[in-house]
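Undergrad: Just one file: model-v2.pdb, with PDB, C-alpha atoms, pLDDT in the B column.
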ATOM      1  CA  MET A   1     275.800 182.534 166.703  1.00 89.00           C
ATOM      2  CA  LYS A   2     274.085 180.669 163.874  1.00 93.00           C
ATOM      3  CA  PRO A   3     275.070 177.011 163.508  1.00 96.00           C
ATOM      4  CA  TYR A   4     276.656 176.162 160.178  1.00 96.00           C
ATOM      5  CA  SER A   5     277.110 172.934 158.234  1.00 96.00           C
ATOM      6  CA  GLU A   6     279.495 172.974 155.273  1.00 95.00           C
ATOM      7  CA  SER A   7     277.864 169.852 153.826  1.00 93.00           C
ATOM      8  CA  CYS A   8     274.517 171.687 153.668  1.00 95.00           C
ATOM      9  CA  ASP A   9     276.071 174.305 151.399  1.00 93.00           C
ATOM     10  CA  GLN A  10     277.743 171.625 149.293  1.00 95.00           C
ATOM     11  CA  ASN A  11     274.686 169.437 148.726  1.00 97.00           C
ATOM     12  CA  ARG A  12     271.833 171.968 148.604  1.00 98.00           C
ATOM     13  CA  GLU A  13     271.922 172.667 144.847  1.00 98.00           C
ATOM     14  CA  PRO A  14     272.031 168.987 143.761  1.00 98.00           C
ATOM     15  CA  ILE A  15     269.199 168.213 146.215  1.00 98.00           C
ATOM     16  CA  LEU A  16     267.156 171.160 144.934  1.00 98.00           C
ATOM     17  CA  SER A  17     267.578 169.957 141.349  1.00 98.00           C
ATOM     18  CA  VAL A  18     265.769 166.736 142.351  1.00 98.00           C
ATOM     19  CA  ILE A  19     263.137 168.023 144.767  1.00 98.00           C
ATOM     20  CA  LYS A  20     262.120 171.067 142.683  1.00 98.00           C
ATOM     21  CA  PRO A  21     260.314 168.979 140.031  1.00 98.00           C
ATOM     22  CA  LEU A  22     259.225 166.389 142.632  1.00 98.00           C
ATOM     23  CA  PHE A  23     257.588 169.016 144.834  1.00 98.00           C
ATOM     24  CA  ALA A  24     256.305 171.242 142.005  1.00 98.00           C
ATOM     25  CA  ASP A  25     252.687 170.258 142.678  1.00 98.00           C
ATOM     26  CA  ARG A  26     253.007 169.923 146.475  1.00 98.00           C
ATOM     27  CA  ARG A  27     251.569 172.348 149.016  1.00 98.00           C
ATOM     28  CA  GLY A  28     253.255 171.504 152.325  1.00 98.00           C
ATOM     29  CA  VAL A  29     256.469 169.712 153.336  1.00 98.00           C
ATOM     30  CA  LEU A  30     257.600 168.425 156.721  1.00 98.00           C
ATOM     31  CA  GLU A  31     261.384 168.357 157.059  1.00 98.00           C
ATOM     32  CA  ILE A  32     262.508 165.726 159.564  1.00 98.00           C
ATOM     33  CA  GLY A  33     265.788 166.633 161.247  1.00 98.00           C
ATOM     34  CA  SER A  34     266.173 170.241 160.108  1.00 98.00           C
ATOM     35  CA  GLY A  35     269.513 170.443 161.949  1.00 97.00           C
ATOM     36  CA  THR A  36     270.991 173.904 161.429  1.00 97.00           C
ATOM     37  CA  GLY A  37     268.009 175.168 159.413  1.00 98.00           C
ATOM     38  CA  GLN A  38     270.138 175.900 156.323  1.00 98.00           C
ATOM     39  CA  HIS A  39     268.315 173.510 154.017  1.00 98.00           C
ATOM     40  CA  ALA A  40     264.935 174.852 155.112  1.00 98.00           C
ATOM     41  CA  VAL A  41     265.668 178.465 154.209  1.00 98.00           C
ATOM     42  CA  TYR A  42     267.404 177.580 150.932  1.00 98.00           C
ATOM     43  CA  PHE A  43     264.679 175.235 149.694  1.00 98.00           C
ATOM     44  CA  ALA A  44     261.803 177.402 150.917  1.00 98.00           C
ATOM     45  CA  ALA A  45     263.255 180.437 149.121  1.00 98.00           C
ATOM     46  CA  ALA A  46     263.577 178.413 145.901  1.00 98.00           C
ATOM     47  CA  LEU A  47     260.112 176.837 146.284  1.00 98.00           C
ATOM     48  CA  PRO A  48     257.902 179.746 147.401  1.00 98.00           C
ATOM     49  CA  HIS A  49     254.671 177.852 146.616  1.00 98.00           C
ATOM     50  CA  LEU A  50     255.417 175.425 149.472  1.00 98.00           C
ATOM     51  CA  THR A  51     254.843 175.769 153.189  1.00 98.00           C
ATOM     52  CA  TRP A  52     258.023 174.302 154.716  1.00 98.00           C
ATOM     53  CA  HIS A  53     257.637 172.889 158.231  1.00 98.00           C
ATOM     54  CA  THR A  54     260.944 172.524 160.094  1.00 98.00           C
ATOM     55  CA  SER A  55     261.336 169.994 162.892  1.00 98.00           C
ATOM     56  CA  ASP A  56     263.977 168.513 165.153  1.00 97.00           C
ATOM     57  CA  CYS A  57     264.762 167.692 168.762  1.00 94.00           C
ATOM     58  CA  PRO A  58     264.485 170.757 171.065  1.00 95.00           C
ATOM     59  CA  GLU A  59     268.257 171.282 171.399  1.00 95.00           C
ATOM     60  CA  TYR A  60     268.421 172.320 167.709  1.00 97.00           C
ATOM     61  CA  HIS A  61     265.497 174.757 167.749  1.00 98.00           C
ATOM     62  CA  ALA A  62     267.453 177.892 168.764  1.00 98.00           C
ATOM     63  CA  GLY A  63     269.847 177.472 165.829  1.00 98.00           C
ATOM     64  CA  ILE A  64     267.044 176.788 163.351  1.00 98.00           C
ATOM     65  CA  ARG A  65     265.223 179.909 164.563  1.00 98.00           C
ATOM     66  CA  LEU A  66     268.332 182.046 163.927  1.00 98.00           C
ATOM     67  CA  TRP A  67     268.417 180.953 160.264  1.00 98.00           C
ATOM     68  CA  LEU A  68     264.646 181.432 159.922  1.00 98.00           C
ATOM     69  CA  GLU A  69     264.713 184.900 161.507  1.00 98.00           C
ATOM     70  CA  GLU A  70     267.531 186.074 159.255  1.00 97.00           C
ATOM     71  CA  ALA A  71     265.841 184.742 156.094  1.00 97.00           C
ATOM     72  CA  ALA A  72     262.413 186.133 157.115  1.00 98.00           C
ATOM     73  CA  LEU A  73     260.606 183.927 154.605  1.00 98.00           C
ATOM     74  CA  PRO A  74     256.798 183.841 154.800  1.00 98.00           C
ATOM     75  CA  ASN A  75     256.591 180.150 153.859  1.00 98.00           C
ATOM     76  CA  VAL A  76     258.854 178.596 156.548  1.00 98.00           C
ATOM     77  CA  CYS A  77     257.366 177.584 159.884  1.00 98.00           C
ATOM     78  CA  ALA A  78     259.023 177.675 163.299  1.00 97.00           C
ATOM     79  CA  PRO A  79     260.569 174.342 164.321  1.00 98.00           C
ATOM     80  CA  LEU A  80     258.283 171.642 165.644  1.00 97.00           C
ATOM     81  CA  GLN A  81     259.447 169.282 168.361  1.00 95.00           C
ATOM     82  CA  LEU A  82     259.797 165.912 166.668  1.00 95.00           C
ATOM     83  CA  ASP A  83     261.738 163.009 168.104  1.00 92.00           C
ATOM     84  CA  VAL A  84     260.520 160.341 165.688  1.00 94.00           C
ATOM     85  CA  ALA A  85     260.558 157.499 168.231  1.00 90.00           C
ATOM     86  CA  ARG A  86     259.319 159.332 171.309  1.00 83.00           C
ATOM     87  CA  SER A  87     257.128 162.246 170.297  1.00 73.00           C
ATOM     88  CA  THR A  88     253.550 162.361 169.271  1.00 85.00           C
ATOM     89  CA  TRP A  89     253.811 163.351 165.631  1.00 92.00           C
ATOM     90  CA  PRO A  90     252.437 166.806 164.827  1.00 89.00           C
ATOM     91  CA  GLU A  91     249.082 166.965 163.080  1.00 90.00           C
ATOM     92  CA  LEU A  92     249.984 168.685 159.828  1.00 95.00           C
ATOM     93  CA  GLU A  93     248.422 168.974 156.422  1.00 95.00           C
ATOM     94  CA  VAL A  94     251.431 168.103 154.289  1.00 98.00           C
ATOM     95  CA  ASP A  95     251.710 166.145 151.067  1.00 98.00           C
ATOM     96  CA  ALA A  96     255.491 165.611 151.214  1.00 98.00           C
ATOM     97  CA  VAL A  97     258.193 164.777 153.753  1.00 98.00           C
ATOM     98  CA  PHE A  98     261.899 165.520 153.261  1.00 98.00           C
ATOM     99  CA  SER A  99     264.823 164.347 155.365  1.00 98.00           C
ATOM    100  CA  ALA A 100     268.571 164.624 154.766  1.00 98.00           C
ATOM    101  CA  ASN A 101     271.392 162.755 156.481  1.00 97.00           C
ATOM    102  CA  THR A 102     269.235 161.325 159.253  1.00 98.00           C
ATOM    103  CA  ALA A 103     268.841 157.564 158.675  1.00 98.00           C
ATOM    104  CA  HIS A 104     272.524 156.813 159.292  1.00 98.00           C
ATOM    105  CA  ILE A 105     272.581 158.853 162.537  1.00 97.00           C
ATOM    106  CA  MET A 106     269.364 157.436 163.991  1.00 98.00           C
ATOM    107  CA  HIS A 107     269.402 154.086 165.746  1.00 98.00           C
ATOM    108  CA  TRP A 108     267.495 151.402 163.834  1.00 98.00           C
ATOM    109  CA  PRO A 109     264.321 151.555 166.013  1.00 97.00           C
ATOM    110  CA  GLU A 110     264.202 155.298 165.275  1.00 98.00           C
ATOM    111  CA  VAL A 111     264.517 154.634 161.539  1.00 98.00           C
ATOM    112  CA  GLU A 112     261.610 152.186 161.840  1.00 98.00           C
ATOM    113  CA  ALA A 113     259.607 154.794 163.773  1.00 97.00           C
ATOM    114  CA  MET A 114     260.383 157.468 161.159  1.00 98.00           C
ATOM    115  CA  PHE A 115     259.026 155.375 158.295  1.00 98.00           C
ATOM    116  CA  ALA A 116     255.930 154.349 160.269  1.00 97.00           C
ATOM    117  CA  GLY A 117     255.325 157.991 161.222  1.00 97.00           C
ATOM    118  CA  VAL A 118     255.754 159.246 157.669  1.00 98.00           C
ATOM    119  CA  GLY A 119     253.382 156.586 156.378  1.00 97.00           C
ATOM    120  CA  GLY A 120     250.802 157.641 158.963  1.00 96.00           C
ATOM    121  CA  LEU A 121     251.201 161.343 158.180  1.00 97.00           C
ATOM    122  CA  LEU A 122     251.152 161.372 154.376  1.00 98.00           C
ATOM    123  CA  PRO A 123     247.911 161.297 152.406  1.00 98.00           C
ATOM    124  CA  SER A 124     247.484 159.013 149.410  1.00 98.00           C
ATOM    125  CA  GLY A 125     249.909 160.210 146.724  1.00 98.00           C
ATOM    126  CA  GLY A 126     252.165 161.943 149.269  1.00 98.00           C
ATOM    127  CA  LEU A 127     255.944 161.801 148.744  1.00 98.00           C
ATOM    128  CA  PHE A 128     258.816 160.928 151.096  1.00 99.00           C
ATOM    129  CA  ALA A 129     262.253 162.041 149.853  1.00 99.00           C
ATOM    130  CA  LEU A 130     265.212 160.743 151.872  1.00 99.00           C
ATOM    131  CA  TYR A 131     268.758 161.960 151.127  1.00 98.00           C
ATOM    132  CA  GLY A 132     271.967 160.295 152.237  1.00 98.00           C
ATOM    133  CA  PRO A 133     274.432 157.464 151.612  1.00 98.00           C
ATOM    134  CA  PHE A 134     272.915 153.993 151.234  1.00 98.00           C
ATOM    135  CA  ASN A 135     274.206 150.462 150.719  1.00 98.00           C
ATOM    136  CA  TYR A 136     272.767 148.068 148.133  1.00 98.00           C
ATOM    137  CA  ASN A 137     272.620 144.327 148.790  1.00 97.00           C
ATOM    138  CA  GLY A 138     274.681 144.936 151.928  1.00 96.00           C
ATOM    139  CA  LEU A 139     277.575 146.453 149.960  1.00 98.00           C
ATOM    140  CA  PHE A 140     279.070 149.933 150.147  1.00 98.00           C
ATOM    141  CA  THR A 141     278.868 151.920 146.929  1.00 97.00           C
ATOM    142  CA  SER A 142     282.271 153.558 147.525  1.00 98.00           C
ATOM    143  CA  ASP A 143     285.358 153.438 149.733  1.00 98.00           C
ATOM    144  CA  SER A 144     284.414 156.852 151.148  1.00 97.00           C
ATOM    145  CA  ASN A 145     281.034 155.531 152.306  1.00 98.00           C
ATOM    146  CA  ALA A 146     282.771 152.559 153.951  1.00 98.00           C
ATOM    147  CA  ARG A 147     285.103 154.968 155.786  1.00 98.00           C
ATOM    148  CA  PHE A 148     282.141 157.137 156.776  1.00 98.00           C
ATOM    149  CA  ASP A 149     280.335 154.087 158.147  1.00 98.00           C
ATOM    150  CA  GLY A 150     283.408 153.201 160.218  1.00 98.00           C
ATOM    151  CA  TRP A 151     283.595 156.753 161.541  1.00 98.00           C
ATOM    152  CA  LEU A 152     279.891 156.689 162.489  1.00 98.00           C
ATOM    153  CA  LYS A 153     280.231 153.334 164.264  1.00 98.00           C
ATOM    154  CA  GLY A 154     283.250 154.710 166.116  1.00 98.00           C
ATOM    155  CA  ARG A 155     280.996 157.436 167.517  1.00 98.00           C
ATOM    156  CA  ASP A 156     278.088 155.094 168.212  1.00 98.00           C
ATOM    157  CA  PRO A 157     277.924 151.407 167.192  1.00 98.00           C
ATOM    158  CA  ALA A 158     274.157 151.761 166.528  1.00 98.00           C
ATOM    159  CA  MET A 159     274.768 154.336 163.781  1.00 98.00           C
ATOM    160  CA  GLY A 160     275.725 153.407 160.249  1.00 98.00           C
ATOM    161  CA  VAL A 161     274.981 153.580 156.534  1.00 98.00           C
ATOM    162  CA  ARG A 162     271.648 151.799 155.977  1.00 98.00           C
ATOM    163  CA  ASP A 163     270.785 149.197 153.361  1.00 98.00           C
ATOM    164  CA  PHE A 164     268.355 150.332 150.685  1.00 98.00           C
ATOM    165  CA  GLU A 165     266.517 146.999 150.818  1.00 98.00           C
ATOM    166  CA  ASP A 166     265.844 147.355 154.552  1.00 98.00           C
ATOM    167  CA  LEU A 167     264.522 150.899 154.085  1.00 98.00           C
ATOM    168  CA  ASP A 168     262.356 149.854 151.161  1.00 98.00           C
ATOM    169  CA  ARG A 169     260.795 147.093 153.304  1.00 98.00           C
ATOM    170  CA  LEU A 170     259.969 149.683 155.989  1.00 98.00           C
ATOM    171  CA  ALA A 171     258.442 151.943 153.340  1.00 98.00           C
ATOM    172  CA  GLU A 172     256.329 149.089 151.976  1.00 98.00           C
ATOM    173  CA  ALA A 173     255.115 148.213 155.489  1.00 98.00           C
ATOM    174  CA  ALA A 174     254.113 151.887 155.921  1.00 98.00           C
ATOM    175  CA  GLY A 175     252.079 151.859 152.699  1.00 98.00           C
ATOM    176  CA  MET A 176     254.672 153.479 150.428  1.00 98.00           C
ATOM    177  CA  ARG A 177     256.083 152.355 147.088  1.00 98.00           C
ATOM    178  CA  LEU A 178     259.459 153.388 145.635  1.00 98.00           C
ATOM    179  CA  LEU A 179     258.934 156.057 142.993  1.00 98.00           C
ATOM    180  CA  ASN A 180     262.568 156.756 142.105  1.00 98.00           C
ATOM    181  CA  ASP A 181     266.174 156.403 143.252  1.00 98.00           C
ATOM    182  CA  TYR A 182     268.306 159.384 142.238  1.00 98.00           C
ATOM    183  CA  ALA A 183     272.110 159.324 142.072  1.00 98.00           C
ATOM    184  CA  MET A 184     273.670 162.353 143.781  1.00 98.00           C
ATOM    185  CA  PRO A 185     277.209 163.739 144.083  1.00 97.00           C
ATOM    186  CA  ALA A 186     279.660 162.387 146.675  1.00 96.00           C
ATOM    187  CA  ASN A 187     278.167 158.858 146.583  1.00 97.00           C
ATOM    188  CA  ASN A 188     274.818 159.929 148.015  1.00 98.00           C
ATOM    189  CA  ARG A 189     271.273 159.216 146.771  1.00 98.00           C
ATOM    190  CA  ILE A 190     267.761 160.552 147.088  1.00 98.00           C
ATOM    191  CA  LEU A 191     265.216 157.780 147.604  1.00 98.00           C
ATOM    192  CA  CYS A 192     261.647 158.857 146.905  1.00 98.00           C
ATOM    193  CA  TRP A 193     258.622 156.816 147.950  1.00 99.00           C
ATOM    194  CA  GLN A 194     254.959 157.563 147.284  1.00 98.00           C
ATOM    195  CA  ARG A 195     252.140 156.835 149.724  1.00 98.00           C
ATOM    196  CA  GLN A 196     249.660 154.424 148.168  1.00 97.00           C
TER     197      GLN A 196
END
Before anything else, please render the file you have as structure tokens.
TA:
Amino acid sequence: MKPYSESCDQNREPILSVIKPLFADRRGVLEIGSGTGQHAVYFAAALPHLTWHTSDCPEYHAGIRLWLEEAALPNVCAPLQLDVARSTWPELEVDAVFSANTAHIMHWPEVEAMFAGVGGLLPSGGLFALYGPFNYNGLFTSDSNARFDGWLKGRDPAMGVRDFEDLDRLAEAAGMRLLNDYAMPANNRILCWQRQ
């Protein structure tokens, strides 16, 4: 049975409205943490000029493949094994990286590894678009994000909503500069950095 995430259905159109113009002149995208595979098939169908590379830890691959097989899109690739902190990163020719709802689930060393890996993968001018809830100056942007952070920490104390400033420092260390910070529904954002 195909895995299903309700939040993927809820956030896919607002995300597409941001990444469609951002990725209009891109050729290949690596998605970090493809999860169910829902985002991959929706975005790849809407952006047929792109080659969309899915990736995740091996336990998610069967579910991703079910979505990919049903959609039968020519521009979506089978899932790559990518554990940002432990794997050798795949050698891909991509000029964009997309990731949704990953930074708050990863432990901080994994977040650091993700940014370093993205910086090493992207060519000059490449884009990294990261979707999720973020804090600013150590403060929650909403009560719902504060509750979500508490729920995450209840599952695993190393999880949690990340501070924008900390992420931006990681991006800078990886050779990326903030291009834009987009407000999204439900107190989420898309942060987009460009490789220098």
Undergrad: Report the residues retrieved by the PyMOL selection byres ((chain A and resi 17) around 12) from the displayed file, expressed as a list in words.
TA: Asn11, Arg12, Glu13, Pro14, Ile15, Leu16, Val18, Ile19, Lys20, Pro21, Leu22, Phe23, Ala24, Phe43, Ala46, Leu47, Tyr182, Ala183, Met184, Pro185 and Ile190 of chain A
Undergrad: Quick one: everything within 10 Å of Pro3 in chain A, counting only C-alpha atoms, minus sequence neighbours fewer than 2 positions away in the same chain. Send it as an MDAnalysis selection string.
TA: chainID A and resid 1 5 35:38 60 62:64 66:67
Undergrad: Between A:Val118, A:Ile105, A:Val41, A:Ala85, which is the closest to Ala72 in chain A once you count only C-alpha atoms?
TA: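 With only C-alpha atoms as the atom set, the closest residue is A:Val41.
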Undergrad: Residues within 7 Å of Trp193 in chain A, please, as a list in words. Count all atoms listed in the file; anything in the same chain fewer than 3 positions from it doesn't count.
TA: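 Near neighbours after the sequence-gap exclusion: Leu127, Phe128, Ala129, Met176, Arg177, Leu178 and Leu179 of chain A.
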Undergrad: Could you give me, as number ranges by chain, the residues within 7 Å of range 144-152 of chain A, counting all atoms listed in the file and dropping anything in the same chain fewer than 4 positions from it?
TA: A: 133, 140, 156, 159-161
Undergrad: Return as a PyMOL selection string the set of residues that the PyMOL selection byres ((chain A and resi 101) around 8) yields on the displayed structure.
TA: chain A and resi 99-100+102-105+130-133
Undergrad: Using all atoms listed in the file, which residue out of A:Asp163, A:Gly175, A:Pro79, A:His39 lies closest to Glu6 in chain A?
TA: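 Using all atoms listed in the file, the shortest distance to Glu6 in chain A belongs to A:His39.
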Undergrad: Between CA of Trp89 in chain A and CA of Ala173 in chain A, what is the spacing in Å?
TA: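 Rounded to one decimal, the two atoms are 18.3 Å apart.
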Undergrad: Mind pulling up the distance from CA of Asn75 in chain A to CA of His49 in chain A?
TA: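 Calculated distance between CA of His49 in chain A and CA of Asn75 in chain A is 7.8 Å.
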Undergrad: Name the residues in contact with Leu50 in chain A at a cut-off of 8 Å, using only C-alpha atoms, excluding same-chain residues fewer than 3 positions from it; report them as a list in words.
TA: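 That gives Arg26, Arg27, Gly28, Val29, Ala44, Leu47 and Asn75 of chain A.
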Undergrad: At a cut-off of 9 Å, using only C-alpha atoms, what residues contact Ala40 in chain A? Leave out same-chain residues fewer than 6 positions from it and give the result as a PyMOL selection string.
TA: chain A and resi 31+34+52-54+64+67-68+76
Undergrad: So what do you get for CA of Phe134 in chain A versus CA of Asp181 in chain A, distance-wise?
TA: 10.7 Å
Undergrad: Between A:Ala186, A:Leu30, A:Val97, A:Lys2, which one has atoms that come closest to Ser142 in chain A, using all atoms listed in the file?
TA: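 Of all the options, A:Ala186 lies closest to Ser142 in chain A.
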Undergrad: Which residue out of A:Thr141, A:Ser7, A:Asn135, A:Gln196 has the minimum interatomic distance to Glu172 in chain A when only C-alpha atoms are used?
TA: A:Gln196
Undergrad: For a quick check of understanding, using all atoms listed in the file, which of A:Asp143, A:Asp83, A:Tyr42, A:Glu93 has the smallest distance to Glu70 in chain A?
TA: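 Between A:Asp143, A:Asp83, A:Tyr42, A:Glu93, the residue approaching Glu70 in chain A most closely is A:Tyr42.
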Undergrad: Please expand the PyMOL selection byres ((chain A and resi 80) around 9) into the concrete residues it hits in this file, giving the result as a list of chain:residue names.
TA: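 Given this file, the PyMOL selection byres ((chain A and resi 80) around 9) evaluates to A:His53, A:Thr54, A:Ser55, A:Asp56, A:Cys57, A:Pro58, A:His61, A:Cys77, A:Ala78, A:Pro79, A:Gln81, A:Leu82, A:Pro90.
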Undergrad: A:Val111, A:Phe98, A:Ala71, A:Glu91: which is nearest Ala45 in chain A, counting only C-alpha atoms?
TA: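 Closest to Ala45 in chain A, using only C-alpha atoms: A:Ala71.
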Undergrad: Could you put an axis-aligned box around every listed atom of range 155-171 of chain A, padded by 6 Å on each side, and send me its centre and edge lengths in Å to one decimal, as AutoDock Vina command-line options?
TA:
--center_x 269.7 --center_y 152.2 --center_z 159.4 --size_x 34.6 --size_y 22.4 --size_z 29.5
